[in-house]
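K.L.:
Next up, protein.cif (mmCIF, C-alpha atoms).
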```cif
data_my_file
#
loop_
_atom_site.label_atom_id
_atom_site.label_comp_id
_atom_site.auth_asym_id
_atom_site.auth_seq_id
_atom_site.Cartn_x
_atom_site.Cartn_y
_atom_site.Cartn_z
CA MET T 1 112.29 121.41 82.50
CA ARG T 2 112.14 121.64 86.24
CA PHE T 3 108.55 122.75 86.13
CA PHE T 4 107.79 119.96 83.71
CA ARG T 5 109.12 117.30 86.03
CA GLN T 6 107.25 118.63 89.04
CA ASP T 7 104.18 118.65 86.91
CA LEU T 8 104.70 114.98 86.17
CA HIS T 9 105.31 114.21 89.82
CA ALA T 10 101.94 115.66 90.73
CA LEU T 11 100.30 112.94 88.66
CA THR T 12 101.04 110.20 91.22
CA GLY T 13 97.59 110.55 92.77
CA VAL T 14 95.50 110.53 89.61
CA TYR T 15 97.64 107.71 88.23
CA ALA T 16 97.19 105.55 91.34
CA LEU T 17 93.42 105.98 91.15
CA ASP T 18 93.41 104.99 87.44
CA THR T 19 91.85 108.30 86.64
CA LEU T 20 94.51 109.27 84.14
CA GLU T 21 93.07 108.40 80.75
CA ARG T 22 95.04 106.29 78.32
CA GLY T 23 97.14 108.47 76.06
CA THR T 24 100.31 110.46 75.90
CA GLU T 25 100.07 111.89 79.40
CA ARG T 26 99.73 108.47 80.97
CA ASP T 27 102.46 107.01 78.76
CA ARG T 28 104.78 109.83 79.74
CA PHE T 29 104.04 109.32 83.39
CA THR T 30 104.52 105.55 83.14
CA ARG T 31 107.97 106.13 81.66
CA HIS T 32 108.71 108.67 84.38
CA LEU T 33 107.74 106.10 87.05
CA ASN T 34 110.53 103.80 85.90
CA ARG T 35 113.04 106.54 86.59
CA CYS T 36 111.55 108.12 89.68
CA GLN T 37 111.86 105.94 92.77
CA SER T 38 110.02 108.39 95.01
CA CYS T 39 107.11 108.58 92.56
CA ALA T 40 106.93 104.79 92.39
CA SER T 41 106.86 104.44 96.14
CA GLU T 42 104.24 107.18 96.43
CA VAL T 43 102.08 105.36 93.88
CA ARG T 44 102.48 102.13 95.87
CA GLY T 45 101.29 103.83 99.04
CA PHE T 46 98.36 105.46 97.25
CA ARG T 47 97.34 102.12 95.79
CA GLU T 48 97.15 100.77 99.32
CA VAL T 49 94.83 103.62 100.18
CA ALA T 50 92.75 102.68 97.14
CA THR T 51 92.69 99.09 98.39
CA SER T 52 91.23 100.32 101.68
CA LEU T 53 88.58 102.20 99.70
CA ALA T 54 87.70 98.94 97.95
CA PHE T 55 87.51 97.05 101.25
CA ALA T 56 85.27 99.76 102.65
CA ALA T 57 82.85 99.12 99.78
CA ALA T 58 82.82 95.32 100.22
CA VAL T 59 79.56 93.60 99.33
CA GLU T 60 79.16 89.84 99.02
CA PRO T 61 78.23 88.83 95.48
CA PRO T 62 75.52 86.27 94.75
CA PRO T 63 76.78 82.82 95.79
CA GLU T 64 76.39 81.37 92.26
CA LEU T 65 79.28 83.54 91.14
CA ARG T 66 81.70 81.31 93.04
CA ASP T 67 80.73 78.21 91.05
CA ARG T 68 80.91 80.08 87.78
CA VAL T 69 84.38 81.38 88.55
CA MET T 70 85.66 77.99 89.72
CA THR T 71 84.31 76.30 86.60
CA ALA T 72 86.00 78.89 84.40
CA VAL T 73 89.24 78.57 86.36
CA ALA T 74 89.32 74.80 85.88
CA ARG T 75 89.29 75.43 82.13
CA THR T 76 91.78 78.27 82.02
CA ARG T 77 95.47 77.86 81.39
CA GLN T 78 97.79 79.96 83.52
CA LEU T 79 100.57 82.17 82.23
CA PRO T 80 104.13 81.14 83.10
CA PRO T 81 106.22 83.50 85.22
CA GLU T 82 108.16 86.22 83.44
CA VAL T 83 111.75 85.17 83.68
CA SER T 84 114.15 87.99 84.24
CA SER T 85 117.85 88.06 83.66
CA HIS T 86 120.35 90.53 82.36
CA ALA T 87 120.49 89.59 78.76
CA ARG T 88 123.81 90.94 77.64
CA PRO T 89 126.43 91.25 80.34
CA ARG T 90 129.33 93.09 78.75
CA ARG T 91 131.26 95.00 81.28
CA SER T 92 130.88 95.38 84.96
CA ARG T 93 130.50 98.43 87.05
CA SER T 94 130.78 98.50 90.77
CA SER T 95 128.74 101.57 91.62
CA VAL T 96 126.16 99.56 93.49
CA PRO T 97 125.18 101.56 96.55
CA TRP T 98 123.75 98.70 98.57
CA VAL T 99 126.81 96.49 98.72
CA PRO T 100 127.69 97.67 102.24
CA TRP T 101 124.35 96.37 103.51
CA LEU T 102 125.18 92.85 102.55
CA SER T 103 126.16 90.58 105.32
CA GLY T 104 129.81 89.61 105.41
CA ALA T 105 129.05 86.02 104.56
CA ILE T 106 127.24 86.91 101.42
CA ALA T 107 129.65 89.60 100.40
CA THR T 108 132.65 87.33 100.69
CA ALA T 109 131.08 84.46 98.87
CA GLY T 110 131.61 85.80 95.43
CA ILE T 111 128.03 86.65 94.69
CA VAL T 112 128.96 90.28 94.65
CA ILE T 113 131.09 89.66 91.60
CA ALA T 114 128.08 88.17 89.96
CA ILE T 115 125.76 91.02 90.70
CA PHE T 116 127.68 93.72 88.93
CA PHE T 117 125.49 93.62 85.94
CA GLY T 118 123.82 96.15 84.49
CA LEU T 119 122.80 99.55 84.05
CA ALA T 120 125.82 100.41 81.96
CA GLN T 121 125.10 97.57 79.58
CA ALA T 122 121.68 98.70 78.56
CA HIS T 123 121.41 100.16 75.10
CA THR T 124 117.88 101.49 75.04
CA GLN T 125 115.54 103.00 77.57
CA ALA T 126 113.53 99.78 77.59
CA GLU T 127 116.63 97.75 78.37
CA LEU T 128 117.61 100.22 81.03
CA ASN T 129 114.20 99.97 82.66
CA GLN T 130 114.33 96.21 82.47
CA ALA T 131 117.81 96.19 84.00
CA ARG T 132 116.62 98.46 86.80
CA ALA T 133 113.62 96.27 87.50
CA VAL T 134 115.83 93.20 87.71
CA ASN T 135 118.29 95.02 89.91
CA GLN T 136 115.48 95.93 92.25
CA GLN T 137 114.39 92.32 92.45
CA ILE T 138 117.92 91.20 93.14
CA VAL T 139 118.40 93.85 95.80
CA GLY T 140 115.09 92.75 97.31
CA VAL T 141 116.36 89.19 97.65
CA LEU T 142 119.83 90.08 98.91
CA THR T 143 118.56 92.49 101.52
CA ALA T 144 115.70 90.32 102.78
CA PRO T 145 116.14 89.76 106.52
CA ASP T 146 115.97 86.01 106.00
CA ALA T 147 118.32 85.85 102.98
CA LYS T 148 120.31 82.62 103.01
CA LEU T 149 123.36 81.82 100.98
CA LEU T 150 123.55 78.32 99.52
CA THR T 151 126.27 76.95 97.30
CA SER T 152 126.41 73.61 95.61
CA ARG T 153 128.66 71.86 93.10
CA THR T 154 127.02 70.34 90.07
CA THR T 155 127.60 66.73 89.03
CA VAL T 156 129.51 67.92 85.96
CA GLY T 157 131.75 70.41 87.75
CA GLY T 158 131.36 74.07 88.52
CA SER T 159 129.05 75.43 91.17
CA ALA T 160 125.86 77.36 91.70
CA ILE T 161 125.66 80.24 94.14
CA VAL T 162 122.14 80.81 95.38
CA VAL T 163 120.71 83.49 97.63
CA LEU T 164 117.30 82.45 98.87
CA ALA T 165 114.78 84.86 100.40
CA ALA T 166 112.03 82.50 101.52
CA SER T 167 109.86 85.36 102.79
CA ARG T 168 109.77 86.78 99.28
CA HIS T 169 109.46 83.41 97.58
CA ARG T 170 112.44 84.34 95.47
CA LEU T 171 116.00 83.35 94.86
CA VAL T 172 118.93 84.64 92.87
CA VAL T 173 121.20 82.16 91.10
CA SER T 174 124.58 82.70 89.56
CA THR T 175 127.10 80.05 88.56
CA ALA T 176 130.81 79.70 88.09
CA GLY T 177 132.83 77.12 86.23
CA LEU T 178 130.04 75.18 84.51
CA PRO T 179 131.25 73.37 81.39
CA ALA T 180 130.68 75.33 78.18
CA LEU T 181 127.80 73.95 76.12
CA PRO T 182 127.72 73.14 72.43
CA ALA T 183 125.62 75.36 70.17
CA GLY T 184 121.90 74.69 70.48
CA LYS T 185 122.06 73.71 74.16
CA VAL T 186 121.20 75.80 77.21
CA TYR T 187 121.29 75.46 80.97
CA GLN T 188 117.76 75.60 82.36
CA LEU T 189 116.73 76.09 85.98
CA TRP T 190 113.75 74.37 87.58
CA LEU T 191 111.78 74.57 90.76
CA ILE T 192 111.10 70.94 91.55
CA GLY T 193 108.07 71.13 93.77
CA ARG T 194 105.72 68.86 95.60
CA VAL T 195 103.06 69.10 92.98
CA LYS T 196 104.95 69.86 89.84
CA ILE T 197 108.12 71.00 88.22
CA VAL T 198 108.17 74.50 86.81
CA SER T 199 110.78 76.23 84.71
CA ALA T 200 112.70 78.94 86.54
CA GLY T 201 114.35 80.29 83.41
CA LEU T 202 117.57 79.88 81.50
CA LEU T 203 121.05 80.73 82.62
CA PRO T 204 122.46 83.54 80.50
CA ALA T 205 125.60 82.86 78.45
CA ALA T 206 128.70 82.67 80.64
CA LYS T 207 131.36 85.39 80.60
CA ALA T 208 134.76 84.27 81.80
CA GLY T 209 133.17 81.13 83.21
CA LYS T 210 130.52 82.96 85.24
CA THR T 211 126.86 83.54 84.59
CA ALA T 212 125.10 86.74 85.60
CA PRO T 213 122.40 86.43 88.25
CA VAL T 214 118.94 85.22 87.40
CA VAL T 215 115.94 85.81 89.63
CA ALA T 216 113.49 82.96 90.09
CA SER T 217 110.10 83.69 91.66
CA GLY T 218 107.44 81.52 93.19
CA VAL T 219 109.58 79.39 95.48
CA VAL T 220 107.46 77.44 97.98
CA ALA T 221 108.16 75.03 100.82
CA GLY T 222 109.47 71.68 99.65
CA ASP T 223 111.04 73.01 96.45
CA LYS T 224 114.40 71.94 95.16
CA LEU T 225 116.36 74.03 92.71
CA GLY T 226 117.21 71.92 89.66
CA LEU T 227 119.56 72.54 86.75
CA THR T 228 119.52 70.59 83.49
CA VAL T 229 120.99 70.86 80.01
CA GLU T 230 118.21 71.32 77.46
CA PRO T 231 117.88 72.06 73.78
CA ALA T 232 117.62 75.82 73.10
CA PRO T 233 115.43 77.76 73.75
CA GLY T 234 114.54 75.61 76.75
CA THR T 235 111.76 73.11 77.35
CA ALA T 236 108.47 73.08 79.23
CA GLN T 237 109.57 70.15 81.42
CA PRO T 238 113.03 68.76 82.04
CA THR T 239 114.20 66.14 79.53
CA THR T 240 117.58 65.22 81.02
CA THR T 241 118.91 64.19 84.43
CA PRO T 242 119.54 67.23 86.63
CA ILE T 243 123.15 68.12 87.25
CA LEU T 244 122.01 69.91 90.40
CA ALA T 245 119.08 69.32 92.76
CA LEU T 246 119.50 71.64 95.69
CA PRO T 247 116.92 71.42 98.50
CA LEU T 248 115.70 74.90 99.43
CA PRO T 249 115.16 75.56 103.13
CA VAL T 250 111.86 77.44 102.86
CA MET Y 251 113.70 63.39 84.63
CA ASN Y 252 111.67 61.07 86.82
CA PRO Y 253 110.50 62.42 90.13
CA SER Y 254 111.79 60.21 92.92
CA ASP Y 255 109.44 58.16 95.09
CA SER Y 256 109.59 60.72 97.82
CA ASP Y 257 108.55 63.41 95.35
CA ALA Y 258 105.63 61.22 94.32
CA SER Y 259 104.47 60.75 97.89
CA ARG Y 260 104.67 64.47 98.54
CA PHE Y 261 102.45 64.83 95.51
CA ARG Y 262 99.57 63.24 97.39
CA SER Y 263 100.05 65.02 100.66
CA ALA Y 264 100.22 68.45 99.09
CA SER Y 265 97.66 71.20 99.57
CA THR Y 266 95.92 69.79 102.60
CA ASP Y 267 97.37 72.32 105.02
CA ARG Y 268 95.39 75.03 106.74
CA ARG Y 269 94.56 77.85 104.41
CA GLY Y 270 92.86 80.31 106.70
CA GLU Y 271 95.94 81.55 108.43
CA GLN Y 272 98.24 81.70 105.50
CA ASP Y 273 98.69 85.16 104.32
CA LEU Y 274 97.47 86.23 100.94
CA ASP Y 275 100.90 86.63 99.42
CA ASP Y 276 101.69 83.00 100.20
CA LEU Y 277 98.36 81.89 98.83
CA LEU Y 278 99.00 83.69 95.56
CA VAL Y 279 102.33 81.94 95.18
CA HIS Y 280 100.46 78.65 95.45
CA VAL Y 281 97.86 79.87 93.00
CA ALA Y 282 100.67 80.57 90.53
CA ARG Y 283 101.50 76.87 90.75
CA GLY Y 284 98.00 75.87 89.73
CA ASP Y 285 96.72 75.16 93.26
CA GLN Y 286 92.94 75.55 93.00
CA ALA Y 287 92.33 75.16 96.72
CA ALA Y 288 94.61 78.16 97.28
CA PHE Y 289 92.65 80.06 94.63
CA GLU Y 290 89.40 79.31 96.42
CA ALA Y 291 90.88 80.73 99.60
CA VAL Y 292 91.94 83.88 97.73
CA TYR Y 293 88.45 84.13 96.25
CA ASP Y 294 86.81 83.90 99.65
CA ARG Y 295 89.06 86.56 101.09
CA LEU Y 296 88.82 89.08 98.27
CA VAL Y 297 85.60 88.64 96.35
CA GLY Y 298 83.65 90.94 98.69
CA PRO Y 299 85.83 94.01 98.17
CA VAL Y 300 86.33 93.22 94.47
CA TYR Y 301 82.62 92.90 93.78
CA GLY Y 302 81.61 95.73 96.11
CA MET Y 303 84.07 98.18 94.58
CA ILE Y 304 83.15 97.19 91.02
CA ARG Y 305 79.47 97.60 91.82
CA ARG Y 306 80.14 101.00 93.24
CA VAL Y 307 81.77 101.99 89.96
CA LEU Y 308 79.42 100.27 87.50
CA ARG Y 309 76.14 100.30 89.46
CA ASP Y 310 74.63 97.57 87.35
CA PRO Y 311 74.71 94.29 89.34
CA SER Y 312 74.88 91.92 86.37
CA GLN Y 313 77.68 93.86 84.67
CA SER Y 314 79.45 93.97 88.00
CA GLU Y 315 79.26 90.21 88.35
CA GLU Y 316 80.63 89.82 84.85
CA VAL Y 317 83.59 92.10 85.53
CA THR Y 318 84.21 90.45 88.91
CA GLN Y 319 84.45 87.11 87.16
CA GLU Y 320 86.87 88.56 84.58
CA VAL Y 321 89.02 89.97 87.37
CA LEU Y 322 89.21 86.71 89.29
CA LEU Y 323 90.06 84.79 86.15
CA GLU Y 324 92.82 87.28 85.43
CA VAL Y 325 94.14 86.74 88.97
CA TRP Y 326 94.21 83.00 88.31
CA ARG Y 327 95.81 83.40 84.89
CA THR Y 328 98.46 85.90 85.85
CA ALA Y 329 99.25 84.92 89.45
CA ALA Y 330 102.83 84.11 88.41
CA ARG Y 331 103.29 87.79 87.50
CA PHE Y 332 102.41 88.99 91.00
CA ASP Y 333 105.43 90.83 92.35
CA PRO Y 334 105.44 91.16 96.15
CA GLU Y 335 108.03 93.96 95.89
CA MET Y 336 105.38 96.14 94.28
CA GLY Y 337 102.87 95.83 97.12
CA GLY Y 338 100.71 93.22 98.77
CA ALA Y 339 98.47 90.66 97.15
CA ALA Y 340 95.24 92.47 98.04
CA THR Y 341 96.54 95.64 96.42
CA TRP Y 342 97.59 93.73 93.32
CA VAL Y 343 94.12 92.23 92.98
CA MET Y 344 92.31 95.51 93.67
CA THR Y 345 94.45 97.31 91.12
CA ILE Y 346 93.45 94.77 88.48
CA ALA Y 347 89.83 95.03 89.58
CA HIS Y 348 89.68 98.81 89.51
CA ARG Y 349 91.35 98.99 86.10
CA ARG Y 350 88.88 96.49 84.69
CA ALA Y 351 85.97 98.42 86.13
CA ILE Y 352 87.30 101.66 84.64
CA ASP Y 353 87.85 100.02 81.26
CA ARG Y 354 84.25 98.89 81.33
CA VAL Y 355 83.05 102.37 82.25
CA ARG Y 356 85.07 103.95 79.46
CA SER Y 357 83.93 101.49 76.84
CA THR Y 358 81.40 103.42 74.82
CA THR Y 359 78.34 101.28 75.41
CA ALA Y 360 78.69 101.37 79.15
CA ALA Y 361 79.27 105.11 79.03
CA ALA Y 362 76.04 105.55 77.10
CA GLU Y 363 74.13 103.67 79.73
CA ARG Y 364 75.35 105.81 82.54
CA GLU Y 365 73.54 108.86 83.71
CA LEU Y 366 75.83 111.80 83.39
CA LYS Y 367 74.14 114.01 85.90
CA THR Y 368 76.24 115.22 88.76
CA ALA Y 369 73.53 114.38 91.24
CA ASP Y 370 73.95 110.77 90.29
CA LEU Y 371 77.67 110.71 90.66
CA ARG Y 372 77.94 110.97 94.39
CA PRO Y 373 78.45 107.69 96.17
CA PRO Y 374 74.97 106.93 97.46
CA HIS Y 375 74.92 107.13 101.21
CA ASP Y 376 72.43 104.33 101.66
CA GLU Y 377 74.93 102.06 99.97
CA VAL Y 378 77.63 103.06 102.40
CA ALA Y 379 75.26 102.28 105.21
CA GLU Y 380 74.06 99.14 103.49
CA ALA Y 381 76.07 96.77 105.60
CA VAL Y 382 74.67 97.17 109.08
CA GLU Y 383 77.60 95.34 110.61
CA ALA Y 384 79.81 98.28 109.78
CA SER Y 385 83.17 96.65 109.25
CA LEU Y 386 86.34 97.98 110.73
CA ASP Y 387 87.60 98.85 107.27
CA ARG Y 388 84.50 100.84 106.57
CA GLU Y 389 84.71 102.73 109.84
CA ARG Y 390 88.38 103.45 109.49
CA VAL Y 391 88.06 104.64 105.91
CA ARG Y 392 85.03 106.75 106.71
CA ARG Y 393 86.84 108.38 109.59
CA CYS Y 394 89.83 109.14 107.38
CA LEU Y 395 87.66 110.45 104.56
CA ASP Y 396 86.00 112.73 107.09
CA GLY Y 397 89.41 114.19 107.85
CA LEU Y 398 89.81 115.50 104.29
CA THR Y 399 88.70 118.84 102.95
CA GLU Y 400 85.47 118.64 101.04
CA ILE Y 401 87.09 119.07 97.68
CA GLN Y 402 89.75 116.43 98.44
CA ARG Y 403 87.08 113.98 99.53
CA GLU Y 404 84.86 114.67 96.56
CA SER Y 405 87.63 114.40 94.02
CA ILE Y 406 88.91 111.12 95.48
CA THR Y 407 85.50 109.49 95.71
CA LEU Y 408 84.44 110.68 92.26
CA ALA Y 409 87.69 109.39 90.79
CA TYR Y 410 87.81 106.06 92.59
CA TYR Y 411 84.20 105.05 93.20
CA GLY Y 412 82.76 107.14 90.40
CA GLY Y 413 85.29 105.97 87.85
CA TYR Y 414 85.65 109.42 86.32
CA SER Y 415 88.77 110.64 84.62
CA TYR Y 416 90.41 113.52 86.39
CA ARG Y 417 89.36 115.81 83.53
CA GLN Y 418 85.76 114.86 84.18
CA VAL Y 419 86.25 115.33 87.91
CA ALA Y 420 87.69 118.80 87.27
CA ASP Y 421 84.72 119.61 85.11
CA LEU Y 422 82.20 118.37 87.65
CA LEU Y 423 83.79 120.22 90.52
CA LYS Y 424 84.47 123.34 88.43
CA VAL Y 425 88.16 123.55 89.23
CA THR Y 426 91.26 123.51 87.04
CA LEU Y 427 93.07 120.33 86.03
CA GLY Y 428 96.13 121.38 88.01
CA ALA Y 429 94.00 121.90 91.10
CA ILE Y 430 92.44 118.45 90.80
CA LYS Y 431 95.80 116.72 90.48
CA THR Y 432 96.99 118.48 93.60
CA ARG Y 433 93.76 117.94 95.57
CA ILE Y 434 93.78 114.23 94.80
CA ARG Y 435 97.43 113.84 95.67
CA ASP Y 436 97.15 115.87 98.89
CA GLY Y 437 94.02 113.96 99.86
CA LEU Y 438 95.69 110.62 99.27
CA ILE Y 439 98.69 111.67 101.34
CA ARG Y 440 96.34 112.51 104.22
CA MET Y 441 94.48 109.25 103.77
CA ARG Y 442 97.72 107.32 103.68
CA ASP Y 443 98.88 108.88 106.93
CA CYS Y 444 95.48 108.46 108.55
CA LEU Y 445 95.23 104.79 107.55
CA GLY Y 446 98.79 104.16 108.66
CA VAL Y 447 100.01 102.91 105.30
CA SER Y 448 103.78 102.70 105.49
#
```
Render the structure in this file as C-alpha cells.
P.N.:
Amino acid sequence: MRFFRQDLHALTGVYALDTLERGTERDRFTRHLNRCQSCASEVRGFREVATSLAFAAAVEPPPELRDRVMTAVARTRQLPPEVSSHARPRRSRSSVPWVPWLSGAIATAGIVIAIFFGLAQAHTQAELNQARAVNQQIVGVLTAPDAKLLTSRTTVGGSAIVVLAASRHRLVVSTAGLPALPAGKVYQLWLIGRVKIVSAGLLPAAKAGKTAPVVASGVVAGDKLGLTVEPAPGTAQPTTTPILALPLPV
Amino acid sequence: MNPSDSDASRFRSASTDRRGEQDLDDLLVHVARGDQAAFEAVYDRLVGPVYGMIRRVLRDPSQSEEVTQEVLLEVWRTAARFDPEMGGAATWVMTIAHRRAIDRVRSTTAAAERELKTADLRPPHDEVAEAVEASLDRERVRRCLDGLTEIQRESITLAYYGGYSYRQVADLLKVTLGAIKTRIRDGLIRMRDCLGVS
C-alpha cells in the first residue's frame, strides 16, 4: 500500500504536463489529488513551470485571428459560475485547524459557528471531495490578508454575516434569524454590479435558524450583495425587492 | 427589482478604466461578467504564448490557429469557473490550451498526419531562435532548461512541446516508465526552483 501511494505521488510531473493518457491511471491520480494536499500543490507549481515553457514559445498569430475570435465571442453565451455550498449540514464538528489564525474580530462575530460544516456530513467520496473543495475556498477567504467582516440586518429581520476578500474576488455569506420560507420559495443571493446583476447562488436550508456558509465568486468593485426571496429553484434575475443590498468595499 | 438611477448611471461609465495595468486575474473576473473589452485585453496578453505553444505541439499553422481559437472561446465561456486559489490566470489559460493541443494530437486523424520519427520530435532549434528579440521568458527558461540533465530536459520537452504521452516518451528515450516519471518530476522540481516559482 505504501509503495502504491508513493507510486501515485510520482505521477505529479507527468500529470501536470498532461502527458498521462486518459484512463484508469489518470482517473486514479485525479482522485488521489483530491486527498493529497502536497500532491496538489506540487502540481500547481509544475503547471506554473509549464506556463513558463508556453511563454518561452510565444509566437504572434496572424492578426486576422483576433477578429475571428472576437466575432465568435460576441455570439457565444457564457457559463454561469459554479455555486458551491454545503448541501446537507447535519451535525457540526469543530476540528478545524485554522480557527486560531482568524482574527479576533472575525472569530468573535459568530461566523465560526457557521463554518463548522462539513467533512463529517459527507456520505460519498464525491461529497467529501466537494466539501473539501468548498472548505478550501472558505479558508482562502477567511485567511486572506484583506478579509473584511460585514454584517447587515435584512428588511424582514435576521442578519447576514459576510466575510469579503476583495483580493480574491470572493465572499462567504452565512445568515442567522431569517424568517422561514414557505415550501417552493428560496433565498437567493445576487451580486448587483455596475453592468449587470448576477446570481450568487441560493442559501442552503436553515438549521436552528442559521444557514451554512456559501461562497460567492466574481466580486468586483462597485458590487452590492443582494438577497431576495424567489421561487425554487431560483431565478436568472431577481423578481422581488431585495431584503438586503449591502455595498461591498472592494 | 429595478436598478436605481445611480446603478443606471454606473452602467454607462463602466469598463472605460485602464486595462493595461490591471492584472490578469482581475481581468478574468471582468470577463466572467461578460466584459468584452476585458476579454480583448486578456487576448492581447496571452494569445502569443497560447498560439506559440500550440504551434510547437501541432506544427501545422492552420490547425494551430483553429485550436487557439477554440481555447480562447473556452476562456470566454468558462471564465466564471476560473479559481484563483488553484493558480494564476495565465496558468489557467495555458492549462486549457495545452490540454486542447494534446487532445488534438491524440485524435486519430491528427496522429496519422504526424511524422513519428524521433528525429522529428525534437523541438526545432531554429524555432527557438525564431524570435530575434529573445524575450526574457525565453532566456530564463532556456537557462533553466540548460541546468537539467539531458534526460530530464529531453523528457520534459518531448512531453510538453512534443505532446507525447509519457509511455511514448519512455519508448523514445529507451528508459522504463518508472524512470520517466521520476525524471520528469525531478526535472520539473529543478525548473521550479530555477524559475523561482513559489
K.L.:
Sorted by chain and rising residue number, list the residues of chain T at most 7 Å from chain Y (counting all atoms listed in the file), each with its closest atom pair and distance in Å to one decimal, as a tab-separated table.
P.N.:
```
residue	atom	partner	partner_atom	distance
T:Ala10	CA	Y:Lys431	CA	6.2
T:Leu11	CA	Y:Lys431	CA	6.2
T:Thr12	CA	Y:Arg435	CA	6.8
T:Gly13	CA	Y:Arg435	CA	4.4
T:Val14	CA	Y:Lys431	CA	6.3
T:Leu17	CA	Y:Tyr410	CA	5.8
T:Asp18	CA	Y:Arg349	CA	6.5
T:Thr19	CA	Y:Ser415	CA	4.4
T:Leu20	CA	Y:Ser415	CA	5.9
T:Glu21	CA	Y:Ser415	CA	6.2
T:Arg44	CA	Y:Gly337	CA	6.4
T:Gly45	CA	Y:Val447	CA	6.5
T:Phe46	CA	Y:Leu438	CA	6.2
T:Arg47	CA	Y:Thr341	CA	6.6
T:Glu48	CA	Y:Thr341	CA	5.9
T:Val49	CA	Y:Arg442	CA	5.9
T:Thr51	CA	Y:Thr341	CA	5.5
T:Ser52	CA	Y:Asp387	CA	6.8
T:Leu53	CA	Y:Val391	CA	6.7
T:Ala54	CA	Y:Met303	CA	5.0
T:Phe55	CA	Y:Pro299	CA	4.6
T:Ala56	CA	Y:Arg388	CA	4.1
T:Ala57	CA	Y:Gly302	CA	5.1
T:Ala58	CA	Y:Pro299	CA	3.9
T:Val59	CA	Y:Gly302	CA	4.4
T:Glu60	CA	Y:Gly298	CA	4.6
T:Pro61	CA	Y:Tyr301	CA	6.2
T:Val69	CA	Y:Gln319	CA	5.9
T:Val73	CA	Y:Leu323	CA	6.3
T:Arg77	CA	Y:Arg327	CA	6.6
T:Gln78	CA	Y:Arg327	CA	4.2
T:Leu79	CA	Y:Arg327	CA	5.6
T:Pro80	CA	Y:Ala330	CA	6.2
T:Pro81	CA	Y:Ala330	CA	4.7
T:Glu82	CA	Y:Arg331	CA	6.5
T:Arg168	CA	Y:Pro334	CA	6.9
T:Arg194	CA	Y:Phe261	CA	5.2
T:Val195	CA	Y:Phe261	CA	5.0
T:Gly218	CA	Y:Val279	CA	5.5
T:Pro238	CA	Y:Met251	CA	6.0
T:Thr239	CA	Y:Met251	CA	5.8
T:Thr240	CA	Y:Met251	CA	5.6
T:Thr241	CA	Y:Met251	CA	5.3
```
K.L.:
Go ahead and compute the interatomic distance for atom CA of Gly177 of chain T and atom CA of Lys210 of chain T, in Å to one decimal.
P.N.:
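Going from atom CA of Gly177 of chain T over to atom CA of Lys210 of chain T, I get 6.4 Å.
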K.L.:
How many Å separate atom CA of His169 of chain T from atom CA of Val220 of chain T?
P.N.:
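So the two atoms, atom CA of His169 of chain T and atom CA of Val220 of chain T, lie 6.3 Å apart.
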K.L.:
Using all atoms listed in the file, give me every residue within 8 Å of (129.3, 70.7, 88.6) in file coordinates, as a count of residues only.
P.N.:
12
K.L.:
Put the listed atoms of segment 274-286 of chain Y in a box along x, y and z with 3 Å added on every side and give me the centre and edge lengths in Å to one decimal, as lines of an AutoDock Vina configuration file.
P.N.:
```
center_x = 97.6
center_y = 80.9
center_z = 95.3
size_x = 15.4
size_y = 17.5
size_z = 17.2
```
K.L.:
Might you pull out every residue within 7 Å of Pro242 of chain T, with all atoms listed in the file counted and same-chain residues fewer than 4 positions away left off, and present them as number ranges by chain?
P.N.:
T: 226-228
K.L.:
Find the distance between atom CA of Ala160 of chain T and atom CA of Leu277 of chain Y and write it in Å to one decimal.
P.N.:
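That distance, rounded to one decimal, is 28.8 Å.
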K.L.:
In file coordinates, which residues lie within 12 Å of (118.5, 84.6, 99.3) using all atoms listed in the file, given as number ranges by chain?
P.N.:
T: 102-103, 105-106, 111, 137-151, 161-174, 213-217, 219, 248-250
K.L.:
On this structure, the PyMOL selection byres ((chain T and resi 188-190) around 6) would catch which residues? List them as a PyMOL selection string, sorted by chain and number.
P.N.:
chain T and resi 187+191-192+198-202+225-228
